[in-house]
$ cat run_29.cif   # mmCIF, C-alpha atoms
data_input
#
loop_
_atom_site.label_atom_id
_atom_site.label_comp_id
_atom_site.auth_asym_id
_atom_site.auth_seq_id
_atom_site.Cartn_x
_atom_site.Cartn_y
_atom_site.Cartn_z
CA ARG A 1 -38.47 -8.95 -15.13
CA ILE A 2 -38.71 -5.45 -13.75
CA ARG A 3 -41.34 -3.18 -15.29
CA LEU A 4 -40.23 0.42 -14.94
CA VAL A 5 -42.83 3.10 -14.18
CA ALA A 6 -42.85 6.77 -15.20
CA ARG A 7 -42.51 9.09 -12.25
CA PRO A 8 -45.28 11.75 -12.36
CA ASN A 9 -48.46 9.80 -13.01
CA GLY A 10 -47.47 6.13 -12.71
CA THR A 11 -47.99 5.25 -16.38
CA VAL A 12 -45.95 2.32 -17.69
CA MET A 13 -42.80 3.14 -19.64
CA SER A 14 -42.31 2.06 -23.21
CA GLY A 15 -39.78 -0.57 -22.25
CA GLU A 16 -38.51 -2.93 -19.63
CA CYS A 17 -35.14 -3.50 -18.05
CA TYR A 18 -34.55 -7.06 -16.93
CA GLU A 19 -31.81 -9.53 -16.17
CA VAL A 20 -31.30 -12.88 -17.87
CA GLN A 21 -28.46 -15.14 -16.73
CA GLY A 22 -26.52 -12.22 -15.27
CA GLU A 23 -26.96 -9.97 -18.32
CA THR A 24 -28.95 -6.74 -18.18
CA LYS A 25 -31.32 -6.39 -21.12
CA TRP A 26 -33.69 -3.72 -22.35
CA GLY A 27 -36.81 -4.72 -24.25
CA PRO A 28 -40.06 -3.24 -25.56
CA GLY A 29 -42.99 -2.47 -23.30
CA ALA A 30 -46.27 -0.53 -23.31
CA SER A 31 -46.90 2.96 -24.73
CA ALA A 32 -49.41 5.79 -24.26
CA SER A 33 -52.33 4.34 -26.17
CA SER A 34 -54.68 7.11 -24.96
CA GLN A 35 -52.92 9.55 -27.34
CA LEU A 36 -53.25 7.41 -30.50
CA GLY A 37 -54.45 9.25 -33.57
CA LYS A 38 -53.27 12.65 -32.31
CA ARG A 39 -50.18 14.66 -33.22
CA VAL A 40 -47.62 16.32 -30.96
CA SER A 41 -45.76 19.53 -31.87
CA ILE A 42 -42.20 19.90 -30.60
CA LYS A 43 -40.32 23.19 -30.86
CA CYS A 44 -36.51 23.05 -31.06
CA GLN A 45 -33.96 25.65 -29.90
CA GLU A 46 -33.97 27.41 -33.28
CA GLY A 47 -37.75 27.84 -33.05
CA ASP A 48 -38.69 25.34 -35.77
CA ILE A 49 -41.59 23.02 -35.00
CA ILE A 50 -41.60 19.31 -35.79
CA GLU A 51 -44.86 17.40 -35.67
CA LEU A 52 -44.96 13.72 -34.78
CA PRO A 53 -47.75 11.21 -34.29
CA ALA A 54 -48.50 11.11 -30.55
CA ASP A 55 -47.78 7.40 -30.27
CA ALA A 56 -44.29 7.99 -31.70
CA ALA A 57 -43.58 11.09 -29.59
CA CYS A 58 -44.83 9.31 -26.45
CA ILE A 59 -42.00 6.80 -26.66
CA SER A 60 -40.31 9.68 -24.84
CA LEU A 61 -41.57 9.39 -21.30
CA ARG A 62 -41.08 13.14 -20.76
CA ILE A 63 -43.22 13.98 -23.80
CA GLN A 64 -45.71 11.29 -22.79
CA SER A 65 -46.05 12.86 -19.36
CA LEU A 66 -46.42 16.36 -20.85
CA ALA A 67 -49.01 15.14 -23.38
CA LEU A 68 -51.04 13.33 -20.72
CA GLU A 69 -50.93 16.35 -18.39
CA ASN A 70 -51.48 19.14 -20.96
CA GLY A 71 -52.99 17.40 -23.97
CA CYS A 72 -51.56 17.12 -27.47
CA HIS A 73 -52.78 20.60 -28.51
CA GLU A 74 -49.78 22.22 -26.75
CA THR A 75 -46.44 22.84 -28.48
CA PHE A 76 -43.68 21.47 -26.28
CA GLN A 77 -40.45 23.49 -26.15
CA ILE A 78 -37.43 21.14 -26.08
CA PRO A 79 -33.87 22.48 -25.61
CA LEU A 80 -32.39 20.52 -28.52
CA ARG A 81 -30.87 21.67 -31.80
CA LYS A 82 -32.95 21.04 -34.91
CA THR A 83 -30.47 18.49 -36.32
CA VAL A 84 -30.62 16.45 -33.08
CA LEU A 85 -34.44 16.67 -32.94
CA GLU A 86 -34.71 15.56 -36.58
CA LYS A 87 -32.49 12.51 -35.93
CA LEU A 88 -34.43 11.79 -32.74
CA SER A 89 -37.69 12.00 -34.72
CA GLU A 90 -36.35 9.40 -37.14
CA TYR A 91 -35.80 7.03 -34.18
CA LEU A 92 -39.24 7.71 -32.68
CA LEU A 93 -41.05 7.23 -36.00
CA HIS A 94 -39.29 3.93 -36.64
CA HIS A 95 -39.92 2.60 -33.15
CA ARG A 96 -43.56 3.56 -33.37
CA THR A 97 -44.05 0.29 -35.24
CA HIS A 98 -40.87 -1.65 -34.44
CA SER A 99 -39.76 -2.77 -31.00
CA CYS A 100 -36.49 -1.44 -29.69
CA SER A 101 -33.37 -3.56 -29.70
CA GLU A 102 -32.43 -5.73 -26.77
CA ILE A 103 -28.87 -4.59 -26.15
CA ARG A 104 -27.10 -7.20 -24.04
CA THR A 105 -24.63 -6.01 -21.44
CA PRO A 106 -21.80 -6.33 -20.83
CA LEU A 107 -21.07 -5.69 -24.49
CA ARG A 108 -19.28 -8.68 -25.96
CA SER A 109 -18.27 -7.05 -29.24
CA ASP A 110 -17.65 -3.71 -30.94
CA SER A 111 -20.48 -4.62 -33.35
CA LEU A 112 -23.85 -3.38 -32.10
CA GLN A 113 -25.63 -6.12 -34.05
CA GLU A 114 -23.62 -8.78 -32.23
CA CYS A 115 -24.70 -7.12 -28.96
CA GLY A 116 -28.40 -7.42 -29.83
CA ALA A 117 -29.16 -4.30 -31.89
CA THR A 118 -31.30 -4.70 -34.98
CA ARG A 119 -29.74 -3.84 -38.32
CA TRP A 120 -31.83 -0.64 -38.43
CA ASP A 121 -30.73 0.44 -34.92
CA ALA A 122 -27.07 -0.31 -35.66
CA SER A 123 -27.30 1.75 -38.86
CA PHE A 124 -29.12 4.57 -37.02
CA ALA A 125 -26.38 4.68 -34.36
CA ASN A 126 -23.62 4.86 -36.97
CA VAL A 127 -23.27 8.66 -36.83
CA GLU A 128 -20.44 11.10 -36.12
CA LYS A 129 -19.17 11.17 -32.55
CA ASP A 130 -20.65 14.58 -31.67
CA LEU A 131 -24.12 13.41 -32.67
CA VAL A 132 -23.66 10.21 -30.64
CA PHE A 133 -23.16 12.25 -27.47
CA ASP A 134 -25.94 14.72 -28.39
CA LEU A 135 -28.35 11.79 -28.79
CA ILE A 136 -27.27 10.32 -25.44
CA ALA A 137 -28.01 13.67 -23.78
CA ALA A 138 -31.34 13.99 -25.64
CA ALA A 139 -32.36 10.43 -24.69
CA SER A 140 -31.51 11.16 -21.07
CA TYR A 141 -33.39 14.49 -21.04
CA LEU A 142 -36.45 13.13 -22.86
CA ASP A 143 -36.38 9.82 -20.98
CA ILE A 144 -36.11 7.44 -23.94
CA PRO A 145 -34.48 4.36 -22.37
CA GLY A 146 -34.12 2.32 -25.58
CA LEU A 147 -32.32 5.15 -27.38
CA TYR A 148 -30.19 5.87 -24.32
CA MET A 149 -29.09 2.24 -24.15
CA LEU A 150 -28.42 2.07 -27.91
CA MET A 151 -26.36 5.27 -28.09
CA SER A 152 -24.49 4.49 -24.85
CA ALA A 153 -23.54 1.12 -26.33
CA ARG A 154 -22.38 2.94 -29.48
CA ALA A 155 -20.24 5.32 -27.40
CA THR A 156 -18.77 2.36 -25.52
CA CYS A 157 -17.91 0.63 -28.81
CA MET A 158 -16.28 3.85 -30.05
CA THR A 159 -14.03 4.20 -27.00
CA SER A 160 -13.29 0.68 -25.77
CA GLY A 161 -9.77 -0.63 -26.16
CA ARG A 162 -8.26 2.80 -26.79
CA SER A 163 -5.53 4.29 -24.66
CA ALA A 164 -6.15 7.40 -22.57
CA GLU A 165 -3.72 9.32 -24.74
CA LYS A 166 -5.54 8.36 -27.94
CA LEU A 167 -8.92 9.31 -26.44
CA GLN A 168 -7.53 12.63 -25.21
CA LYS A 169 -6.28 13.43 -28.70
CA GLU A 170 -9.41 12.19 -30.51
CA TYR A 171 -11.89 13.99 -28.23
CA GLY A 172 -9.80 17.09 -27.53
CA PHE A 173 -9.41 16.47 -23.79
CA SER A 174 -6.46 17.93 -21.95
CA ASN A 175 -4.73 16.21 -19.07
CA ASP A 176 -4.58 18.72 -16.24
CA LEU A 177 -3.51 16.25 -13.57
CA PRO A 178 -0.07 16.66 -12.04
CA ALA A 179 2.22 13.75 -13.00
CA SER A 180 2.25 12.42 -9.40
CA GLU A 181 -1.58 12.21 -9.25
CA GLU A 182 -1.77 10.58 -12.67
CA SER A 183 0.81 7.99 -11.62
CA ALA A 184 -1.10 7.26 -8.40
CA LEU A 185 -4.39 6.86 -10.31
CA ARG A 186 -2.80 4.54 -12.86
CA GLY A 187 -1.44 2.43 -9.98
CA LEU A 188 -4.90 2.22 -8.39
CA PHE A 189 -6.43 1.25 -11.74
CA VAL A 190 -3.87 -1.52 -12.32
CA ASN A 191 -4.26 -2.82 -8.76
CA GLY A 192 -8.05 -2.71 -9.08
CA ARG A 193 -7.99 -4.90 -12.21
CA GLU A 194 -5.95 -7.62 -10.52
#

$ encode --input "run_29.cif" --output "structure tokens"
Amino acid sequence: RIRLVARPNGTVMSGECYEVQGETKWGPGASASSQLGKRVSIKCQEGDIIELPADAACISLRIQSLALENGCHETFQIPLRKTVLEKLSEYLLHHRTHSCSEIRTPLRSDSLQECGATRWDASFANVEKDLVFDLIAAASYLDIPGLYMLMSARATCMTSGRSAEKLQKEYGFSNDLPASEESALRGLFVNGRE
């Protein structure tokens, strides 16, 4: 088992990444117990403020670090839209009292529950594709490993087994590669799989 540590002050993250029989897993860990009983105010891009219990907000290692450095009396400005912050708050409040899912990789199914997600996490992750990617970015920015793993698994399930053409159409990507480069890349991909 590898216990991950937050960068600035060496406090232990709220989860652990470990390997079991060749599979990478993410599981629950310690939280910022020194902030229990306090509330944290988070200001979104639109200027609205959302208050969360400190132990829920501190699942985010970035917020935990800010709260430990500045105290919970500060309002923390986060560059997220209100809708993303509200959905993120739902995750943090739930995981305040429930451990995060142990997503097993490589993913063996398109069903998150079959990959180790709890029913609640699988339901939480069942959102429109734009919000999936917004939550991945938010989890990365706020350093919430459990949410990052969950939403990345959801994005993988959404895109696996689909052709490049279908993904380009579905996500609005354009192919700006010259035909010769695309052909060369496809050849490398096929050769790499063999």

$ residues_around --input "run_29.cif" --residues "Leu52 of chain A" --least-positions-apart "3" --cutoff "6 Å" --atoms "all atoms listed in the file" --output "list in words"
Arg39, Val40 and Ala57 of chain A

$ closest_atom_pairs --input "run_29.cif" --of "segment 108-149 of chain A" --to "segment 89-100 of chain A" --cutoff "9 Å" --atoms "all atoms listed in the file" --output "tab-separated table"
residue	atom	partner	partner_atom	distance
A:Ala117	CA	A:Cys100	CA	8.2
A:Thr118	CA	A:Cys100	CA	8.1
A:Trp120	CA	A:His94	CA	8.9
A:Asp121	CA	A:Cys100	CA	8.0
A:Phe124	CA	A:Tyr91	CA	7.7
A:Gly146	CA	A:Cys100	CA	6.1
A:Leu147	CA	A:Tyr91	CA	7.9

$ residues_around --input "run_29.cif" --residues "Met151 of chain A" --least-positions-apart "3" --cutoff "10 Å" --atoms "only C-alpha atoms" --output "list in words"
Leu112, Asp121, Ala122, Phe124, Ala125, Asn126, Val127, Leu131, Val132, Phe133, Asp134, Leu135, Ile136, Ala137, Ala139, Pro145, Gly146, Leu147, Tyr148, Arg154, Ala155, Thr156 and Cys157 of chain A

$ write_last_selection --input "run_29.cif" --atoms "C-alpha atoms" --output "PDB file, in the frame of the given file"
ATOM      1  CA  LEU A 112     -23.850  -3.380 -32.100  1.00  0.00           C
ATOM      2  CA  ASP A 121     -30.730   0.440 -34.920  1.00  0.00           C
ATOM      3  CA  ALA A 122     -27.070  -0.310 -35.660  1.00  0.00           C
ATOM      4  CA  PHE A 124     -29.120   4.570 -37.020  1.00  0.00           C
ATOM      5  CA  ALA A 125     -26.380   4.680 -34.360  1.00  0.00           C
ATOM      6  CA  ASN A 126     -23.620   4.860 -36.970  1.00  0.00           C
ATOM      7  CA  VAL A 127     -23.270   8.660 -36.830  1.00  0.00           C
ATOM      8  CA  LEU A 131     -24.120  13.410 -32.670  1.00  0.00           C
ATOM      9  CA  VAL A 132     -23.660  10.210 -30.640  1.00  0.00           C
ATOM     10  CA  PHE A 133     -23.160  12.250 -27.470  1.00  0.00           C
ATOM     11  CA  ASP A 134     -25.940  14.720 -28.390  1.00  0.00           C
ATOM     12  CA  LEU A 135     -28.350  11.790 -28.790  1.00  0.00           C
ATOM     13  CA  ILE A 136     -27.270  10.320 -25.440  1.00  0.00           C
ATOM     14  CA  ALA A 137     -28.010  13.670 -23.780  1.00  0.00           C
ATOM     15  CA  ALA A 139     -32.360  10.430 -24.690  1.00  0.00           C
ATOM     16  CA  PRO A 145     -34.480   4.360 -22.370  1.00  0.00           C
ATOM     17  CA  GLY A 146     -34.120   2.320 -25.580  1.00  0.00           C
ATOM     18  CA  LEU A 147     -32.320   5.150 -27.380  1.00  0.00           C
ATOM     19  CA  TYR A 148     -30.190   5.870 -24.320  1.00  0.00           C
ATOM     20  CA  ARG A 154     -22.380   2.940 -29.480  1.00  0.00           C
ATOM     21  CA  ALA A 155     -20.240   5.320 -27.400  1.00  0.00           C
ATOM     22  CA  THR A 156     -18.770   2.360 -25.520  1.00  0.00           C
ATOM     23  CA  CYS A 157     -17.910   0.630 -28.810  1.00  0.00           C
TER      24      CYS A 157
END

$ closest_residue --input "run_29.cif" --among "A:Ser160, A:Gln45, A:Ser140, A:Gln64" --to "Arg81 of chain A" --atoms "only C-alpha atoms"
A:Gln45

$ atom_distance --input "run_29.cif" --atom1 "atom CA of Ile42 of chain A" --atom2 "atom CA of Phe76 of chain A"
4.8 Å

$ closest_residue --input "run_29.cif" --among "A:Glu181, A:Asp48, A:Asp110, A:Glu128" --to "Gly161 of chain A" --atoms "only C-alpha atoms"
A:Asp110

$ atom_distance --input "run_29.cif" --atom1 "atom CA of Arg104 of chain A" --atom2 "atom CA of Met158 of chain A"
16.6 Å

$ resolve_selection --input "run_29.cif" --expression "the PyMOL selection byres ((chain A and resi 43) around 10)" --output "PyMOL selection string"
chain A and resi 41-42+44-51+75-82+85

$ write_last_selection --input "run_29.cif" --atoms "C-alpha atoms" --output "mmCIF file, keeping the file's coordinate frame"
data_model
loop_
_atom_site.group_PDB
_atom_site.id
_atom_site.type_symbol
_atom_site.label_atom_id
_atom_site.label_comp_id
_atom_site.auth_asym_id
_atom_site.auth_seq_id
_atom_site.Cartn_x
_atom_site.Cartn_y
_atom_site.Cartn_z
ATOM 1 C CA SER A 41 -45.760 19.530 -31.870
ATOM 2 C CA ILE A 42 -42.200 19.900 -30.600
ATOM 3 C CA CYS A 44 -36.510 23.050 -31.060
ATOM 4 C CA GLN A 45 -33.960 25.650 -29.900
ATOM 5 C CA GLU A 46 -33.970 27.410 -33.280
ATOM 6 C CA GLY A 47 -37.750 27.840 -33.050
ATOM 7 C CA ASP A 48 -38.690 25.340 -35.770
ATOM 8 C CA ILE A 49 -41.590 23.020 -35.000
ATOM 9 C CA ILE A 50 -41.600 19.310 -35.790
ATOM 10 C CA GLU A 51 -44.860 17.400 -35.670
ATOM 11 C CA THR A 75 -46.440 22.840 -28.480
ATOM 12 C CA PHE A 76 -43.680 21.470 -26.280
ATOM 13 C CA GLN A 77 -40.450 23.490 -26.150
ATOM 14 C CA ILE A 78 -37.430 21.140 -26.080
ATOM 15 C CA PRO A 79 -33.870 22.480 -25.610
ATOM 16 C CA LEU A 80 -32.390 20.520 -28.520
ATOM 17 C CA ARG A 81 -30.870 21.670 -31.800
ATOM 18 C CA LYS A 82 -32.950 21.040 -34.910
ATOM 19 C CA LEU A 85 -34.440 16.670 -32.940
#

$ atom_distance --input "run_29.cif" --atom1 "atom CA of Glu102 of chain A" --atom2 "atom CA of Ser152 of chain A"
13.1 Å

$ build_atoms --input "run_29.cif" --residues "segment 87-106 of chain A" --atoms "N, CA, C and O atoms" --output "PDB file, keeping the file's coordinate frame"
ATOM      1  N   LYS A  87     -33.017  13.882 -36.051  1.00  0.00           N
ATOM      2  CA  LYS A  87     -32.490  12.510 -35.930  1.00  0.00           C
ATOM      3  C   LYS A  87     -33.296  11.743 -34.889  1.00  0.00           C
ATOM      4  O   LYS A  87     -33.636  10.568 -35.086  1.00  0.00           O
ATOM      5  N   LEU A  88     -33.618  12.390 -33.790  1.00  0.00           N
ATOM      6  CA  LEU A  88     -34.430  11.790 -32.740  1.00  0.00           C
ATOM      7  C   LEU A  88     -35.806  11.404 -33.282  1.00  0.00           C
ATOM      8  O   LEU A  88     -36.329  10.323 -32.989  1.00  0.00           O
ATOM      9  N   SER A  89     -36.387  12.276 -34.116  1.00  0.00           N
ATOM     10  CA  SER A  89     -37.690  12.000 -34.720  1.00  0.00           C
ATOM     11  C   SER A  89     -37.647  10.756 -35.593  1.00  0.00           C
ATOM     12  O   SER A  89     -38.591   9.964 -35.617  1.00  0.00           O
ATOM     13  N   GLU A  90     -36.542  10.590 -36.307  1.00  0.00           N
ATOM     14  CA  GLU A  90     -36.350   9.400 -37.140  1.00  0.00           C
ATOM     15  C   GLU A  90     -36.439   8.139 -36.269  1.00  0.00           C
ATOM     16  O   GLU A  90     -37.099   7.163 -36.622  1.00  0.00           O
ATOM     17  N   TYR A  91     -35.773   8.167 -35.116  1.00  0.00           N
ATOM     18  CA  TYR A  91     -35.800   7.030 -34.180  1.00  0.00           C
ATOM     19  C   TYR A  91     -37.225   6.786 -33.673  1.00  0.00           C
ATOM     20  O   TYR A  91     -37.710   5.653 -33.664  1.00  0.00           O
ATOM     21  N   LEU A  92     -37.891   7.846 -33.247  1.00  0.00           N
ATOM     22  CA  LEU A  92     -39.240   7.710 -32.680  1.00  0.00           C
ATOM     23  C   LEU A  92     -40.221   7.182 -33.719  1.00  0.00           C
ATOM     24  O   LEU A  92     -41.054   6.316 -33.407  1.00  0.00           O
ATOM     25  N   LEU A  93     -40.150   7.692 -34.943  1.00  0.00           N
ATOM     26  CA  LEU A  93     -41.050   7.230 -36.000  1.00  0.00           C
ATOM     27  C   LEU A  93     -40.833   5.751 -36.317  1.00  0.00           C
ATOM     28  O   LEU A  93     -41.785   4.998 -36.521  1.00  0.00           O
ATOM     29  N   HIS A  94     -39.574   5.342 -36.361  1.00  0.00           N
ATOM     30  CA  HIS A  94     -39.290   3.930 -36.640  1.00  0.00           C
ATOM     31  C   HIS A  94     -39.808   3.041 -35.515  1.00  0.00           C
ATOM     32  O   HIS A  94     -40.439   2.016 -35.764  1.00  0.00           O
ATOM     33  N   HIS A  95     -39.546   3.443 -34.283  1.00  0.00           N
ATOM     34  CA  HIS A  95     -39.920   2.600 -33.150  1.00  0.00           C
ATOM     35  C   HIS A  95     -41.379   2.733 -32.756  1.00  0.00           C
ATOM     36  O   HIS A  95     -41.842   2.066 -31.830  1.00  0.00           O
ATOM     37  N   ARG A  96     -42.105   3.509 -33.503  1.00  0.00           N
ATOM     38  CA  ARG A  96     -43.560   3.560 -33.370  1.00  0.00           C
ATOM     39  C   ARG A  96     -44.149   2.205 -33.761  1.00  0.00           C
ATOM     40  O   ARG A  96     -45.120   1.747 -33.172  1.00  0.00           O
ATOM     41  N   THR A  97     -43.538   1.564 -34.746  1.00  0.00           N
ATOM     42  CA  THR A  97     -44.050   0.290 -35.240  1.00  0.00           C
ATOM     43  C   THR A  97     -43.073  -0.872 -35.094  1.00  0.00           C
ATOM     44  O   THR A  97     -43.401  -1.996 -35.442  1.00  0.00           O
ATOM     45  N   HIS A  98     -41.872  -0.594 -34.621  1.00  0.00           N
ATOM     46  CA  HIS A  98     -40.870  -1.650 -34.440  1.00  0.00           C
ATOM     47  C   HIS A  98     -40.367  -1.602 -33.001  1.00  0.00           C
ATOM     48  O   HIS A  98     -40.062  -0.531 -32.487  1.00  0.00           O
ATOM     49  N   SER A  99     -40.249  -2.751 -32.387  1.00  0.00           N
ATOM     50  CA  SER A  99     -39.760  -2.770 -31.000  1.00  0.00           C
ATOM     51  C   SER A  99     -38.290  -2.380 -30.965  1.00  0.00           C
ATOM     52  O   SER A  99     -37.568  -2.535 -31.943  1.00  0.00           O
ATOM     53  N   CYS A 100     -37.886  -1.850 -29.811  1.00  0.00           N
ATOM     54  CA  CYS A 100     -36.490  -1.440 -29.690  1.00  0.00           C
ATOM     55  C   CYS A 100     -35.598  -2.663 -29.508  1.00  0.00           C
ATOM     56  O   CYS A 100     -36.058  -3.736 -29.117  1.00  0.00           O
ATOM     57  N   SER A 101     -34.344  -2.472 -29.810  1.00  0.00           N
ATOM     58  CA  SER A 101     -33.370  -3.560 -29.700  1.00  0.00           C
ATOM     59  C   SER A 101     -33.170  -3.982 -28.261  1.00  0.00           C
ATOM     60  O   SER A 101     -33.321  -3.195 -27.338  1.00  0.00           O
ATOM     61  N   GLU A 102     -32.810  -5.224 -28.083  1.00  0.00           N
ATOM     62  CA  GLU A 102     -32.430  -5.730 -26.770  1.00  0.00           C
ATOM     63  C   GLU A 102     -30.909  -5.768 -26.717  1.00  0.00           C
ATOM     64  O   GLU A 102     -30.285  -6.746 -27.105  1.00  0.00           O
ATOM     65  N   ILE A 103     -30.323  -4.678 -26.265  1.00  0.00           N
ATOM     66  CA  ILE A 103     -28.870  -4.590 -26.150  1.00  0.00           C
ATOM     67  C   ILE A 103     -28.451  -5.394 -24.919  1.00  0.00           C
ATOM     68  O   ILE A 103     -28.925  -5.152 -23.819  1.00  0.00           O
ATOM     69  N   ARG A 104     -27.580  -6.365 -25.138  1.00  0.00           N
ATOM     70  CA  ARG A 104     -27.100  -7.200 -24.040  1.00  0.00           C
ATOM     71  C   ARG A 104     -25.829  -6.607 -23.443  1.00  0.00           C
ATOM     72  O   ARG A 104     -24.914  -6.238 -24.163  1.00  0.00           O
ATOM     73  N   THR A 105     -25.820  -6.495 -22.121  1.00  0.00           N
ATOM     74  CA  THR A 105     -24.630  -6.010 -21.440  1.00  0.00           C
ATOM     75  C   THR A 105     -24.133  -7.090 -20.495  1.00  0.00           C
ATOM     76  O   THR A 105     -24.932  -7.870 -19.988  1.00  0.00           O
ATOM     77  N   PRO A 106     -22.846  -7.170 -20.248  1.00  0.00           N
ATOM     78  CA  PRO A 106     -21.800  -6.330 -20.830  1.00  0.00           C
ATOM     79  C   PRO A 106     -21.668  -6.585 -22.330  1.00  0.00           C
ATOM     80  O   PRO A 106     -21.958  -7.688 -22.808  1.00  0.00           O
TER      81      PRO A 106
END
